[in-house]
file structure12.tsv (TSV, N, CA and C atoms)
chain	number	residue	atom	x	y	z
A	18	MET	N	0.85	-1.19	0.00
A	18	MET	CA	0.00	0.00	0.00
A	18	MET	C	0.89	1.24	0.00
A	19	CYS	N	0.46	2.24	-0.67
A	19	CYS	CA	1.19	3.49	-0.75
A	19	CYS	C	1.25	4.12	0.64
A	20	ARG	N	2.42	4.54	1.06
A	20	ARG	CA	2.56	5.11	2.40
A	20	ARG	C	1.85	6.45	2.55
A	21	ASN	N	1.59	7.13	1.43
A	21	ASN	CA	0.93	8.43	1.51
A	21	ASN	C	-0.57	8.32	1.71
A	22	ILE	N	-1.12	7.13	1.56
A	22	ILE	CA	-2.55	6.95	1.78
A	22	ILE	C	-2.75	6.51	3.22
A	23	ARG	N	-3.45	7.33	3.98
A	23	ARG	CA	-3.66	7.07	5.41
A	23	ARG	C	-5.09	6.58	5.64
A	24	PRO	N	-5.27	5.80	6.72
A	24	PRO	CA	-6.64	5.42	7.09
A	24	PRO	C	-7.47	6.68	7.35
A	25	LEU	N	-8.71	6.64	6.94
A	25	LEU	CA	-9.59	7.80	7.09
A	25	LEU	C	-10.82	7.50	7.93
A	26	PHE	N	-11.00	6.27	8.34
A	26	PHE	CA	-12.20	5.88	9.08
A	26	PHE	C	-12.03	6.05	10.57
A	27	ASN	N	-13.09	6.50	11.22
A	27	ASN	CA	-13.22	6.56	12.67
A	27	ASN	C	-12.25	7.55	13.32
A	28	PHE	N	-12.24	8.77	12.80
A	28	PHE	CA	-11.44	9.84	13.40
A	28	PHE	C	-12.36	10.93	13.91
A	29	GLU	N	-11.89	11.64	14.91
A	29	GLU	CA	-12.59	12.81	15.42
A	29	GLU	C	-11.63	13.98	15.30
A	30	PRO	N	-11.98	15.03	14.56
A	30	PRO	CA	-13.20	15.19	13.79
A	30	PRO	C	-13.21	14.27	12.57
A	31	PRO	N	-14.41	14.03	12.02
A	31	PRO	CA	-14.52	13.12	10.88
A	31	PRO	C	-13.73	13.59	9.67
A	32	VAL	N	-13.48	12.66	8.78
A	32	VAL	CA	-12.74	12.94	7.55
A	32	VAL	C	-13.44	14.03	6.73
A	33	THR	N	-12.64	14.82	6.03
A	33	THR	CA	-13.19	15.87	5.17
A	33	THR	C	-13.17	15.41	3.71
A	34	GLU	N	-13.93	16.10	2.88
A	34	GLU	CA	-13.93	15.81	1.44
A	34	GLU	C	-12.53	15.97	0.86
A	35	ASP	N	-11.79	16.98	1.34
A	35	ASP	CA	-10.44	17.21	0.85
A	35	ASP	C	-9.51	16.03	1.17
A	36	GLU	N	-9.66	15.45	2.36
A	36	GLU	CA	-8.84	14.31	2.73
A	36	GLU	C	-9.17	13.08	1.88
A	37	VAL	N	-10.45	12.88	1.61
A	37	VAL	CA	-10.86	11.76	0.75
A	37	VAL	C	-10.31	11.98	-0.65
A	38	ARG	N	-10.41	13.19	-1.16
A	38	ARG	CA	-9.90	13.50	-2.51
A	38	ARG	C	-8.39	13.32	-2.57
A	39	ALA	N	-7.66	13.76	-1.55
A	39	ALA	CA	-6.20	13.61	-1.54
A	39	ALA	C	-5.80	12.14	-1.55
A	40	ALA	N	-6.49	11.31	-0.77
A	40	ALA	CA	-6.19	9.88	-0.75
A	40	ALA	C	-6.54	9.25	-2.10
A	41	SER	N	-7.63	9.70	-2.71
A	41	SER	CA	-8.04	9.19	-4.02
A	41	SER	C	-7.02	9.56	-5.08
A	42	LEU	N	-6.51	10.77	-5.02
A	42	LEU	CA	-5.49	11.22	-5.96
A	42	LEU	C	-4.23	10.35	-5.82
A	43	GLN	N	-3.81	10.09	-4.58
A	43	GLN	CA	-2.64	9.25	-4.36
A	43	GLN	C	-2.86	7.84	-4.91
A	44	PHE	N	-4.05	7.31	-4.71
A	44	PHE	CA	-4.36	5.96	-5.20
A	44	PHE	C	-4.29	5.92	-6.73
A	45	VAL	N	-4.90	6.89	-7.39
A	45	VAL	CA	-4.89	6.91	-8.85
A	45	VAL	C	-3.48	7.13	-9.37
A	46	ARG	N	-2.70	7.98	-8.71
A	46	ARG	CA	-1.30	8.17	-9.11
A	46	ARG	C	-0.54	6.85	-9.02
A	47	LYS	N	-0.77	6.12	-7.94
A	47	LYS	CA	-0.06	4.87	-7.72
A	47	LYS	C	-0.41	3.84	-8.79
A	48	ILE	N	-1.69	3.64	-9.05
A	48	ILE	CA	-2.06	2.58	-9.98
A	48	ILE	C	-1.83	2.97	-11.44
A	49	SER	N	-1.85	4.28	-11.75
A	49	SER	CA	-1.62	4.70	-13.13
A	49	SER	C	-0.14	4.86	-13.44
A	50	GLY	N	0.65	5.12	-12.41
A	50	GLY	CA	2.07	5.37	-12.62
A	50	GLY	C	2.35	6.81	-13.01
A	51	PHE	N	1.34	7.66	-13.00
A	51	PHE	CA	1.51	9.07	-13.35
A	51	PHE	C	1.44	9.94	-12.11
A	52	ALA	N	2.45	10.76	-11.89
A	52	ALA	CA	2.34	11.78	-10.84
A	52	ALA	C	1.46	12.91	-11.37
A	53	LYS	N	1.64	13.21	-12.65
A	53	LYS	CA	0.81	14.21	-13.33
A	53	LYS	C	0.61	13.67	-14.74
A	54	PRO	N	-0.62	13.43	-15.13
A	54	PRO	CA	-0.86	12.84	-16.45
A	54	PRO	C	-0.61	13.83	-17.59
A	55	SER	N	-0.37	13.31	-18.75
A	55	SER	CA	-0.25	14.15	-19.95
A	55	SER	C	-1.62	14.76	-20.25
A	56	LYS	N	-1.63	15.77	-21.10
A	56	LYS	CA	-2.91	16.39	-21.50
A	56	LYS	C	-3.84	15.35	-22.11
A	57	LEU	N	-3.27	14.41	-22.85
A	57	LEU	CA	-4.05	13.37	-23.49
A	57	LEU	C	-4.78	12.49	-22.46
A	58	ASN	N	-4.15	12.23	-21.32
A	58	ASN	CA	-4.71	11.35	-20.30
A	58	ASN	C	-5.36	12.09	-19.13
A	59	GLU	N	-5.30	13.40	-19.14
A	59	GLU	CA	-5.77	14.18	-18.00
A	59	GLU	C	-7.25	13.95	-17.67
A	60	ALA	N	-8.11	13.93	-18.67
A	60	ALA	CA	-9.55	13.76	-18.41
A	60	ALA	C	-9.84	12.41	-17.77
A	61	ALA	N	-9.23	11.35	-18.30
A	61	ALA	CA	-9.43	10.02	-17.73
A	61	ALA	C	-8.88	9.95	-16.31
A	62	PHE	N	-7.74	10.55	-16.09
A	62	PHE	CA	-7.10	10.56	-14.78
A	62	PHE	C	-8.00	11.26	-13.76
A	63	LEU	N	-8.48	12.46	-14.10
A	63	LEU	CA	-9.33	13.22	-13.18
A	63	LEU	C	-10.68	12.53	-12.95
A	64	ALA	N	-11.21	11.88	-13.99
A	64	ALA	CA	-12.45	11.13	-13.82
A	64	ALA	C	-12.25	9.96	-12.86
A	65	ALA	N	-11.08	9.33	-12.95
A	65	ALA	CA	-10.77	8.23	-12.03
A	65	ALA	C	-10.66	8.74	-10.60
A	66	VAL	N	-10.01	9.88	-10.40
A	66	VAL	CA	-9.90	10.47	-9.05
A	66	VAL	C	-11.29	10.76	-8.50
A	67	ASP	N	-12.15	11.36	-9.33
A	67	ASP	CA	-13.52	11.65	-8.89
A	67	ASP	C	-14.27	10.37	-8.52
A	68	GLY	N	-14.13	9.34	-9.34
A	68	GLY	CA	-14.82	8.07	-9.08
A	68	GLY	C	-14.34	7.40	-7.81
A	69	VAL	N	-13.03	7.37	-7.61
A	69	VAL	CA	-12.47	6.76	-6.40
A	69	VAL	C	-12.91	7.56	-5.17
A	70	ALA	N	-12.90	8.89	-5.27
A	70	ALA	CA	-13.32	9.72	-4.15
A	70	ALA	C	-14.79	9.47	-3.80
A	71	GLU	N	-15.63	9.35	-4.82
A	71	GLU	CA	-17.06	9.11	-4.59
A	71	GLU	C	-17.30	7.77	-3.90
A	72	VAL	N	-16.66	6.73	-4.40
A	72	VAL	CA	-16.82	5.39	-3.81
A	72	VAL	C	-16.22	5.36	-2.40
A	73	SER	N	-15.09	6.02	-2.21
A	73	SER	CA	-14.45	6.04	-0.90
A	73	SER	C	-15.32	6.75	0.14
A	74	ALA	N	-15.88	7.89	-0.25
A	74	ALA	CA	-16.75	8.62	0.67
A	74	ALA	C	-17.98	7.77	1.03
A	75	LYS	N	-18.54	7.09	0.04
A	75	LYS	CA	-19.70	6.22	0.30
A	75	LYS	C	-19.31	5.10	1.27
A	76	LEU	N	-18.15	4.50	1.05
A	76	LEU	CA	-17.67	3.46	1.95
A	76	LEU	C	-17.53	3.99	3.37
A	77	LEU	N	-16.86	5.13	3.53
A	77	LEU	CA	-16.63	5.68	4.86
A	77	LEU	C	-17.93	6.02	5.58
A	78	ARG	N	-18.93	6.49	4.83
A	78	ARG	CA	-20.25	6.79	5.44
A	78	ARG	C	-20.97	5.52	5.87
A	79	SER	N	-20.72	4.41	5.20
A	79	SER	CA	-21.47	3.18	5.49
A	79	SER	C	-20.81	2.31	6.57
A	80	LEU	N	-19.54	2.55	6.88
A	80	LEU	CA	-18.86	1.74	7.88
A	80	LEU	C	-19.36	2.06	9.28
A	81	GLU	N	-19.36	1.04	10.14
A	81	GLU	CA	-19.77	1.20	11.53
A	81	GLU	C	-18.73	0.57	12.43
A	82	THR	N	-18.61	1.10	13.64
A	82	THR	CA	-17.70	0.52	14.62
A	82	THR	C	-18.19	0.85	16.02
A	83	ASN	N	-17.79	0.01	16.96
A	83	ASN	CA	-18.05	0.27	18.37
A	83	ASN	C	-16.84	0.92	19.04
A	84	ALA	N	-15.73	0.97	18.32
A	84	ALA	CA	-14.51	1.55	18.87
A	84	ALA	C	-14.65	3.06	18.99
A	85	PRO	N	-14.03	3.64	20.00
A	85	PRO	CA	-14.09	5.10	20.12
A	85	PRO	C	-13.30	5.74	18.98
A	86	PRO	N	-13.70	6.94	18.56
A	86	PRO	CA	-12.97	7.62	17.49
A	86	PRO	C	-11.51	7.86	17.87
A	87	ARG	N	-10.64	7.76	16.87
A	87	ARG	CA	-9.22	8.01	17.10
A	87	ARG	C	-8.95	9.51	17.02
A	88	ASP	N	-7.98	9.95	17.81
A	88	ASP	CA	-7.57	11.34	17.84
A	88	ASP	C	-6.49	11.56	16.78
A	89	ARG	N	-6.68	12.52	15.90
A	89	ARG	CA	-5.74	12.76	14.80
A	89	ARG	C	-4.34	13.10	15.30
A	90	GLU	N	-4.24	13.97	16.29
A	90	GLU	CA	-2.93	14.38	16.79
A	90	GLU	C	-2.20	13.21	17.46
A	91	GLU	N	-2.94	12.41	18.19
A	91	GLU	CA	-2.34	11.25	18.84
A	91	GLU	C	-1.83	10.24	17.80
A	92	GLU	N	-2.61	10.00	16.76
A	92	GLU	CA	-2.19	9.08	15.70
A	92	GLU	C	-0.99	9.62	14.95
A	93	ALA	N	-0.93	10.93	14.73
A	93	ALA	CA	0.21	11.55	14.05
A	93	ALA	C	1.47	11.40	14.91
A	94	ALA	N	1.34	11.56	16.21
A	94	ALA	CA	2.49	11.40	17.11
A	94	ALA	C	2.99	9.96	17.10
A	95	LYS	N	2.07	9.00	17.08
A	95	LYS	CA	2.46	7.58	17.01
A	95	LYS	C	3.20	7.29	15.71
A	96	ALA	N	2.70	7.84	14.60
A	96	ALA	CA	3.35	7.62	13.30
A	96	ALA	C	4.74	8.23	13.29
A	97	LYS	N	4.89	9.40	13.89
A	97	LYS	CA	6.20	10.05	13.95
A	97	LYS	C	7.17	9.22	14.78
A	98	ALA	N	6.69	8.65	15.88
A	98	ALA	CA	7.53	7.81	16.74
A	98	ALA	C	7.95	6.54	16.00
A	99	ARG	N	7.02	5.94	15.24
A	99	ARG	CA	7.36	4.74	14.45
A	99	ARG	C	8.40	5.07	13.40
A	100	ALA	N	8.26	6.22	12.76
A	100	ALA	CA	9.22	6.62	11.73
A	100	ALA	C	10.60	6.85	12.35
A	101	ALA	N	10.65	7.48	13.52
A	101	ALA	CA	11.93	7.72	14.19
A	101	ALA	C	12.59	6.40	14.56
A	102	GLU	N	11.79	5.44	14.99
A	102	GLU	CA	12.33	4.13	15.34
A	102	GLU	C	12.84	3.41	14.09
A	103	ARG	N	12.11	3.52	13.00
A	103	ARG	CA	12.46	2.84	11.76
A	103	ARG	C	13.67	3.49	11.08
A	104	TYR	N	13.67	4.83	11.02
A	104	TYR	CA	14.69	5.53	10.24
A	104	TYR	C	15.73	6.24	11.09
A	105	GLY	N	15.55	6.26	12.39
A	105	GLY	CA	16.47	6.97	13.26
A	105	GLY	C	16.05	8.43	13.39
A	106	PRO	N	16.70	9.16	14.29
A	106	PRO	CA	16.33	10.56	14.48
A	106	PRO	C	16.60	11.37	13.21
A	107	ALA	N	15.80	12.40	12.99
A	107	ALA	CA	15.99	13.26	11.81
A	107	ALA	C	17.33	13.96	11.92
A	108	LYS	N	18.01	14.02	10.78
A	108	LYS	CA	19.32	14.68	10.74
A	108	LYS	C	19.24	15.84	9.77
A	109	LEU	N	19.97	16.91	10.11
A	109	LEU	CA	20.00	18.06	9.22
A	109	LEU	C	20.95	17.77	8.07
A	110	SER	N	20.54	18.15	6.87
A	110	SER	CA	21.44	18.02	5.72
A	110	SER	C	22.57	19.02	5.90
A	111	PRO	N	23.72	18.83	5.23
A	111	PRO	CA	24.83	19.79	5.38
A	111	PRO	C	24.40	21.22	5.04
A	112	GLN	N	23.53	21.39	4.04
A	112	GLN	CA	23.07	22.73	3.68
A	112	GLN	C	22.26	23.34	4.81
A	113	ARG	N	21.37	22.56	5.40
A	113	ARG	CA	20.53	23.06	6.49
A	113	ARG	C	21.34	23.24	7.77
A	114	ALA	N	22.34	22.38	7.98
A	114	ALA	CA	23.14	22.48	9.20
A	114	ALA	C	23.90	23.80	9.23
A	115	ASN	N	24.34	24.28	8.07
A	115	ASN	CA	25.08	25.55	8.00
A	115	ASN	C	24.20	26.75	8.27
A	116	THR	N	22.91	26.63	8.06
A	116	THR	CA	22.01	27.76	8.29
A	116	THR	C	21.31	27.67	9.64
A	117	HIS	N	21.57	26.61	10.39
A	117	HIS	CA	20.92	26.41	11.68
A	117	HIS	C	21.48	27.41	12.69
A	118	VAL	N	20.60	28.12	13.37
A	118	VAL	CA	21.00	29.11	14.37
A	118	VAL	C	21.18	28.41	15.70
A	119	HIS	N	22.31	28.65	16.34
A	119	HIS	CA	22.59	28.05	17.66
A	119	HIS	C	22.28	29.01	18.76

call {"tool": "encode", "arguments": {"input": "structure12.tsv", "output": "structure tokens"}}
result
Amino acid sequence: MCRNIRPLFNFEPPVTEDEVRAASLQFVRKISGFAKPSKLNEAAFLAAVDGVAEVSAKLLRSLETNAPPRDREEEAAKAKARAAERYGPAKLSPQRANTHVH
């Protein structure tokens, strides 16, 4: 699964249309292999994004759970901690290190 596509179900506050569209765009980019389609493929690409967004929103509205809603900030902190564990602490590039104020 593409790492840029995040779970959208059962969050407080609920998912927005923009978040569903962003995930749909990432999905279509992944399966098409296009980050940005050519003019020739643009209409089909955008139609696919719209279709995936519509189906995704319908899915999210129809899902049910007894679990309490997840907190967005808490989930983001957990993801950051997992990334730090996986990749190590963030390091400044040599260019950024030279501009860092002490």

call {"tool": "atom_distance", "arguments": {"input": "structure12.tsv", "atom1": "atom N of Ser79 (chain A)", "atom2": "atom N of Phe26 (chain A)"}}
result
10.4 Å

call {"tool": "closest_residue", "arguments": {"input": "structure12.tsv", "among": "A:Pro31, A:Pro24, A:Gly105, A:Gly50", "to": "Arg78 (chain A)", "atoms": "only C-alpha atoms"}}
result
A:Pro31

call {"tool": "atom_distance", "arguments": {"input": "structure12.tsv", "atom1": "atom C of Ala40 (chain A)", "atom2": "atom N of Gly68 (chain A)"}}
result
10.5 Å

call {"tool": "closest_residue", "arguments": {"input": "structure12.tsv", "among": "A:Ala101, A:Ala96, A:Val45, A:Leu77", "to": "Leu25 (chain A)", "atoms": "all atoms listed in the file"}}
result
A:Leu77

call {"tool": "atom_distance", "arguments": {"input": "structure12.tsv", "atom1": "CA of Ala61 (chain A)", "atom2": "CA of Ser49 (chain A)"}}
result
10.5 Å

call {"tool": "select_by_dssp", "arguments": {"input": "structure12.tsv", "residues": "chain A", "states": "strand (DSSP E)", "output": "mmCIF file with N, CA and C atoms, keeping the file's coordinate frame"}}
result
data_model
loop_
_atom_site.group_PDB
_atom_site.id
_atom_site.type_symbol
_atom_site.label_atom_id
_atom_site.label_comp_id
_atom_site.auth_asym_id
_atom_site.auth_seq_id
_atom_site.Cartn_x
_atom_site.Cartn_y
_atom_site.Cartn_z
ATOM 1 N N PHE A 28 -12.240 8.770 12.800
ATOM 2 C CA PHE A 28 -11.440 9.840 13.400
ATOM 3 C C PHE A 28 -12.360 10.930 13.910
ATOM 4 N N GLU A 29 -11.890 11.640 14.910
ATOM 5 C CA GLU A 29 -12.590 12.810 15.420
ATOM 6 C C GLU A 29 -11.630 13.980 15.300
ATOM 7 N N ARG A 87 -10.640 7.760 16.870
ATOM 8 C CA ARG A 87 -9.220 8.010 17.100
ATOM 9 C C ARG A 87 -8.950 9.510 17.020
ATOM 10 N N ASP A 88 -7.980 9.950 17.810
ATOM 11 C CA ASP A 88 -7.570 11.340 17.840
ATOM 12 C C ASP A 88 -6.490 11.560 16.780
#

call {"tool": "select_by_dssp", "arguments": {"input": "structure12.tsv", "residues": "chain A", "states": "alpha helix (DSSP H)", "output": "tab-separated table (two decimals) with N, CA and C atoms, in the frame of the given file"}}
result
chain	number	residue	atom	x	y	z
A	34	GLU	N	-13.93	16.10	2.88
A	34	GLU	CA	-13.93	15.81	1.44
A	34	GLU	C	-12.53	15.97	0.86
A	35	ASP	N	-11.79	16.98	1.34
A	35	ASP	CA	-10.44	17.21	0.85
A	35	ASP	C	-9.51	16.03	1.17
A	36	GLU	N	-9.66	15.45	2.36
A	36	GLU	CA	-8.84	14.31	2.73
A	36	GLU	C	-9.17	13.08	1.88
A	37	VAL	N	-10.45	12.88	1.61
A	37	VAL	CA	-10.86	11.76	0.75
A	37	VAL	C	-10.31	11.98	-0.65
A	38	ARG	N	-10.41	13.19	-1.16
A	38	ARG	CA	-9.90	13.50	-2.51
A	38	ARG	C	-8.39	13.32	-2.57
A	39	ALA	N	-7.66	13.76	-1.55
A	39	ALA	CA	-6.20	13.61	-1.54
A	39	ALA	C	-5.80	12.14	-1.55
A	40	ALA	N	-6.49	11.31	-0.77
A	40	ALA	CA	-6.19	9.88	-0.75
A	40	ALA	C	-6.54	9.25	-2.10
A	41	SER	N	-7.63	9.70	-2.71
A	41	SER	CA	-8.04	9.19	-4.02
A	41	SER	C	-7.02	9.56	-5.08
A	42	LEU	N	-6.51	10.77	-5.02
A	42	LEU	CA	-5.49	11.22	-5.96
A	42	LEU	C	-4.23	10.35	-5.82
A	43	GLN	N	-3.81	10.09	-4.58
A	43	GLN	CA	-2.64	9.25	-4.36
A	43	GLN	C	-2.86	7.84	-4.91
A	44	PHE	N	-4.05	7.31	-4.71
A	44	PHE	CA	-4.36	5.96	-5.20
A	44	PHE	C	-4.29	5.92	-6.73
A	45	VAL	N	-4.90	6.89	-7.39
A	45	VAL	CA	-4.89	6.91	-8.85
A	45	VAL	C	-3.48	7.13	-9.37
A	46	ARG	N	-2.70	7.98	-8.71
A	46	ARG	CA	-1.30	8.17	-9.11
A	46	ARG	C	-0.54	6.85	-9.02
A	47	LYS	N	-0.77	6.12	-7.94
A	47	LYS	CA	-0.06	4.87	-7.72
A	47	LYS	C	-0.41	3.84	-8.79
A	48	ILE	N	-1.69	3.64	-9.05
A	48	ILE	CA	-2.06	2.58	-9.98
A	48	ILE	C	-1.83	2.97	-11.44
A	49	SER	N	-1.85	4.28	-11.75
A	49	SER	CA	-1.62	4.70	-13.13
A	49	SER	C	-0.14	4.86	-13.44
A	56	LYS	N	-1.63	15.77	-21.10
A	56	LYS	CA	-2.91	16.39	-21.50
A	56	LYS	C	-3.84	15.35	-22.11
A	57	LEU	N	-3.27	14.41	-22.85
A	57	LEU	CA	-4.05	13.37	-23.49
A	57	LEU	C	-4.78	12.49	-22.46
A	58	ASN	N	-4.15	12.23	-21.32
A	58	ASN	CA	-4.71	11.35	-20.30
A	58	ASN	C	-5.36	12.09	-19.13
A	59	GLU	N	-5.30	13.40	-19.14
A	59	GLU	CA	-5.77	14.18	-18.00
A	59	GLU	C	-7.25	13.95	-17.67
A	60	ALA	N	-8.11	13.93	-18.67
A	60	ALA	CA	-9.55	13.76	-18.41
A	60	ALA	C	-9.84	12.41	-17.77
A	61	ALA	N	-9.23	11.35	-18.30
A	61	ALA	CA	-9.43	10.02	-17.73
A	61	ALA	C	-8.88	9.95	-16.31
A	62	PHE	N	-7.74	10.55	-16.09
A	62	PHE	CA	-7.10	10.56	-14.78
A	62	PHE	C	-8.00	11.26	-13.76
A	63	LEU	N	-8.48	12.46	-14.10
A	63	LEU	CA	-9.33	13.22	-13.18
A	63	LEU	C	-10.68	12.53	-12.95
A	64	ALA	N	-11.21	11.88	-13.99
A	64	ALA	CA	-12.45	11.13	-13.82
A	64	ALA	C	-12.25	9.96	-12.86
A	65	ALA	N	-11.08	9.33	-12.95
A	65	ALA	CA	-10.77	8.23	-12.03
A	65	ALA	C	-10.66	8.74	-10.60
A	66	VAL	N	-10.01	9.88	-10.40
A	66	VAL	CA	-9.90	10.47	-9.05
A	66	VAL	C	-11.29	10.76	-8.50
A	67	ASP	N	-12.15	11.36	-9.33
A	67	ASP	CA	-13.52	11.65	-8.89
A	67	ASP	C	-14.27	10.37	-8.52
A	68	GLY	N	-14.13	9.34	-9.34
A	68	GLY	CA	-14.82	8.07	-9.08
A	68	GLY	C	-14.34	7.40	-7.81
A	69	VAL	N	-13.03	7.37	-7.61
A	69	VAL	CA	-12.47	6.76	-6.40
A	69	VAL	C	-12.91	7.56	-5.17
A	70	ALA	N	-12.90	8.89	-5.27
A	70	ALA	CA	-13.32	9.72	-4.15
A	70	ALA	C	-14.79	9.47	-3.80
A	71	GLU	N	-15.63	9.35	-4.82
A	71	GLU	CA	-17.06	9.11	-4.59
A	71	GLU	C	-17.30	7.77	-3.90
A	72	VAL	N	-16.66	6.73	-4.40
A	72	VAL	CA	-16.82	5.39	-3.81
A	72	VAL	C	-16.22	5.36	-2.40
A	73	SER	N	-15.09	6.02	-2.21
A	73	SER	CA	-14.45	6.04	-0.90
A	73	SER	C	-15.32	6.75	0.14
A	74	ALA	N	-15.88	7.89	-0.25
A	74	ALA	CA	-16.75	8.62	0.67
A	74	ALA	C	-17.98	7.77	1.03
A	75	LYS	N	-18.54	7.09	0.04
A	75	LYS	CA	-19.70	6.22	0.30
A	75	LYS	C	-19.31	5.10	1.27
A	76	LEU	N	-18.15	4.50	1.05
A	76	LEU	CA	-17.67	3.46	1.95
A	76	LEU	C	-17.53	3.99	3.37
A	77	LEU	N	-16.86	5.13	3.53
A	77	LEU	CA	-16.63	5.68	4.86
A	77	LEU	C	-17.93	6.02	5.58
A	78	ARG	N	-18.93	6.49	4.83
A	78	ARG	CA	-20.25	6.79	5.44
A	78	ARG	C	-20.97	5.52	5.87
A	79	SER	N	-20.72	4.41	5.20
A	79	SER	CA	-21.47	3.18	5.49
A	79	SER	C	-20.81	2.31	6.57
A	89	ARG	N	-6.68	12.52	15.90
A	89	ARG	CA	-5.74	12.76	14.80
A	89	ARG	C	-4.34	13.10	15.30
A	90	GLU	N	-4.24	13.97	16.29
A	90	GLU	CA	-2.93	14.38	16.79
A	90	GLU	C	-2.20	13.21	17.46
A	91	GLU	N	-2.94	12.41	18.19
A	91	GLU	CA	-2.34	11.25	18.84
A	91	GLU	C	-1.83	10.24	17.80
A	92	GLU	N	-2.61	10.00	16.76
A	92	GLU	CA	-2.19	9.08	15.70
A	92	GLU	C	-0.99	9.62	14.95
A	93	ALA	N	-0.93	10.93	14.73
A	93	ALA	CA	0.21	11.55	14.05
A	93	ALA	C	1.47	11.40	14.91
A	94	ALA	N	1.34	11.56	16.21
A	94	ALA	CA	2.49	11.40	17.11
A	94	ALA	C	2.99	9.96	17.10
A	95	LYS	N	2.07	9.00	17.08
A	95	LYS	CA	2.46	7.58	17.01
A	95	LYS	C	3.20	7.29	15.71
A	96	ALA	N	2.70	7.84	14.60
A	96	ALA	CA	3.35	7.62	13.30
A	96	ALA	C	4.74	8.23	13.29
A	97	LYS	N	4.89	9.40	13.89
A	97	LYS	CA	6.20	10.05	13.95
A	97	LYS	C	7.17	9.22	14.78
A	98	ALA	N	6.69	8.65	15.88
A	98	ALA	CA	7.53	7.81	16.74
A	98	ALA	C	7.95	6.54	16.00
A	99	ARG	N	7.02	5.94	15.24
A	99	ARG	CA	7.36	4.74	14.45
A	99	ARG	C	8.40	5.07	13.40
A	100	ALA	N	8.26	6.22	12.76
A	100	ALA	CA	9.22	6.62	11.73
A	100	ALA	C	10.60	6.85	12.35
A	101	ALA	N	10.65	7.48	13.52
A	101	ALA	CA	11.93	7.72	14.19
A	101	ALA	C	12.59	6.40	14.56
A	102	GLU	N	11.79	5.44	14.99
A	102	GLU	CA	12.33	4.13	15.34
A	102	GLU	C	12.84	3.41	14.09
A	103	ARG	N	12.11	3.52	13.00
A	103	ARG	CA	12.46	2.84	11.76
A	103	ARG	C	13.67	3.49	11.08
A	104	TYR	N	13.67	4.83	11.02
A	104	TYR	CA	14.69	5.53	10.24
A	104	TYR	C	15.73	6.24	11.09
A	111	PRO	N	23.72	18.83	5.23
A	111	PRO	CA	24.83	19.79	5.38
A	111	PRO	C	24.40	21.22	5.04
A	112	GLN	N	23.53	21.39	4.04
A	112	GLN	CA	23.07	22.73	3.68
A	112	GLN	C	22.26	23.34	4.81
A	113	ARG	N	21.37	22.56	5.40
A	113	ARG	CA	20.53	23.06	6.49
A	113	ARG	C	21.34	23.24	7.77
A	114	ALA	N	22.34	22.38	7.98
A	114	ALA	CA	23.14	22.48	9.20
A	114	ALA	C	23.90	23.80	9.23
A	115	ASN	N	24.34	24.28	8.07
A	115	ASN	CA	25.08	25.55	8.00
A	115	ASN	C	24.20	26.75	8.27
A	116	THR	N	22.91	26.63	8.06
A	116	THR	CA	22.01	27.76	8.29
A	116	THR	C	21.31	27.67	9.64

call {"tool": "closest_residue", "arguments": {"input": "structure12.tsv", "among": "A:Gln43, A:Thr33, A:Asn27, A:Asn58", "to": "Leu80 (chain A)", "atoms": "all atoms listed in the file"}}
result
A:Asn27

call {"tool": "residues_around", "arguments": {"input": "structure12.tsv", "residues": "Arg87 (chain A)", "least_positions_apart": "4", "cutoff": "8 Å", "atoms": "all atoms listed in the file", "output": "ChimeraX atom specification"}}
result
/A:26-30,91-92

call {"tool": "build_atoms", "arguments": {"input": "structure12.tsv", "residues": "region 94-101 of chain A", "atoms": "N, CA, C and O atoms", "output": "PDB file, keeping the file's coordinate frame"}}
result
ATOM      1  N   ALA A  94       1.340  11.560  16.210  1.00  0.00           N
ATOM      2  CA  ALA A  94       2.490  11.400  17.110  1.00  0.00           C
ATOM      3  C   ALA A  94       2.990   9.960  17.100  1.00  0.00           C
ATOM      4  O   ALA A  94       4.200   9.706  17.091  1.00  0.00           O
ATOM      5  N   LYS A  95       2.070   9.000  17.080  1.00  0.00           N
ATOM      6  CA  LYS A  95       2.460   7.580  17.010  1.00  0.00           C
ATOM      7  C   LYS A  95       3.200   7.290  15.710  1.00  0.00           C
ATOM      8  O   LYS A  95       4.215   6.590  15.715  1.00  0.00           O
ATOM      9  N   ALA A  96       2.700   7.840  14.600  1.00  0.00           N
ATOM     10  CA  ALA A  96       3.350   7.620  13.300  1.00  0.00           C
ATOM     11  C   ALA A  96       4.740   8.230  13.290  1.00  0.00           C
ATOM     12  O   ALA A  96       5.692   7.630  12.764  1.00  0.00           O
ATOM     13  N   LYS A  97       4.890   9.400  13.890  1.00  0.00           N
ATOM     14  CA  LYS A  97       6.200  10.050  13.950  1.00  0.00           C
ATOM     15  C   LYS A  97       7.170   9.220  14.780  1.00  0.00           C
ATOM     16  O   LYS A  97       8.333   9.058  14.421  1.00  0.00           O
ATOM     17  N   ALA A  98       6.690   8.650  15.880  1.00  0.00           N
ATOM     18  CA  ALA A  98       7.530   7.810  16.740  1.00  0.00           C
ATOM     19  C   ALA A  98       7.950   6.540  16.000  1.00  0.00           C
ATOM     20  O   ALA A  98       9.106   6.112  16.085  1.00  0.00           O
ATOM     21  N   ARG A  99       7.020   5.940  15.240  1.00  0.00           N
ATOM     22  CA  ARG A  99       7.360   4.740  14.450  1.00  0.00           C
ATOM     23  C   ARG A  99       8.400   5.070  13.400  1.00  0.00           C
ATOM     24  O   ARG A  99       9.340   4.301  13.178  1.00  0.00           O
ATOM     25  N   ALA A 100       8.260   6.220  12.760  1.00  0.00           N
ATOM     26  CA  ALA A 100       9.220   6.620  11.730  1.00  0.00           C
ATOM     27  C   ALA A 100      10.600   6.850  12.350  1.00  0.00           C
ATOM     28  O   ALA A 100      11.623   6.449  11.775  1.00  0.00           O
ATOM     29  N   ALA A 101      10.650   7.480  13.520  1.00  0.00           N
ATOM     30  CA  ALA A 101      11.930   7.720  14.190  1.00  0.00           C
ATOM     31  C   ALA A 101      12.590   6.400  14.560  1.00  0.00           C
ATOM     32  O   ALA A 101      13.810   6.251  14.424  1.00  0.00           O
TER      33      ALA A 101
END
